[in-house]
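In what follows, a structure is listed as structure tokens, so that the remarks can point back to it.
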Amino acid sequence: MSAFPATIAAPVEHELVIKKSRFLTTVAPVESPEHADEIIAAIKKTYWDARHNCSAQVTGLSGDRARSSDDGEPSGTAGMPMLEVLRRRELTDVVAVVTRYFGGIKLGAGGLVRAYSTAVSEALDGAALVDRLPLAQATLAVPHADAGRFDNLVRTWVAAHGAVLGETVYAAEARFEVWAPADALPALAAEVAEASGGAVSAVQTGERRVVDVPRG
């Protein structure tokens, strides 16, 4: 499991109809609170004729920044319930906007809370998730003649170990870069050593970073 909240890979849109009111949800990945505000403003411009454009956002690597807006709905019935869904899903760097076209039938406070929560939750059910993982770097220097074989080996290994392949540099040798959980790197070293008869080493560089890894 990641030490950090996940995010989503791409924007998702969803429509929910409750007692003739239409709830149009947009959930999108963002890079900052300012980016989230830009998306909210763009949606308000697109759906200018809607009764409400309520929003919730969580940003920061640890999800430590959060904002929400009821946009004219009774206080606490829209933005906060939407925010609670994002928190419950353990997401960050994400904004949710629910546009409501009023259908003429009042839902009551409890009905609004359920409607806005459900709208965001159902939208997120269709989102592809991206985990933020603290990974450590290892590099492999491979003779060009063996580059194809080790390219296959490394790609297969990273796919099975929650790791990612970094940049491959072709110079005097082919240099592969792997980012993986630190406790998995000894297994990579053993597999590489076995495949090369000890001629190639997976060297841990000591460098670490948080890497986005699509959830399988």
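Chain lettering (A, B, ...) mirrors the order of the structure tokens, residue numbering begins at 1 for each chain separately, and ligand numbering begins at 1 in order of display.
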Practice item. Step one, run DSSP on the backbone; step two, keep only residues of chain A assigned to alpha helix (DSSP H); then write them as a count of residues only. Key: 68
**Study point:** Contacts of range 57-65 of chain A at 6 Å (only C-alpha atoms; same-chain gap of 4+ positions) as a list in words
**Key:**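 Counting only the stated atoms, we get Phe4, Thr92, Asp93, Val94 and Val95 of chain A.
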**Study point:** Residue nearest Ala115 in chain A - candidates A:Glu13, A:Glu84, A:Arg100, A:His144, atoms counted: only C-alpha atoms
**Key:** A:Arg100
**Study point:** Contact residues around Trp157 in chain A with only C-alpha atoms at 10 Å, ignoring same-chain residues under 2 positions, as a ChimeraX atom specification
**Key:** /A:151-155,159-165,178,180,187-188,191-192
Review point. Expressed in Å to a single decimal, how great is the separation between CA of Val98 in chain A and CA of Ile8 in chain A?
Key: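 Separating CA of Val98 in chain A from CA of Ile8 in chain A is a distance of 17.0 Å.
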Review point. How many Å separate CA of Thr46 in chain A from CA of Arg88 in chain A?
Key: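 About the pair CA of Thr46 in chain A and CA of Arg88 in chain A: they are 28.7 Å apart.
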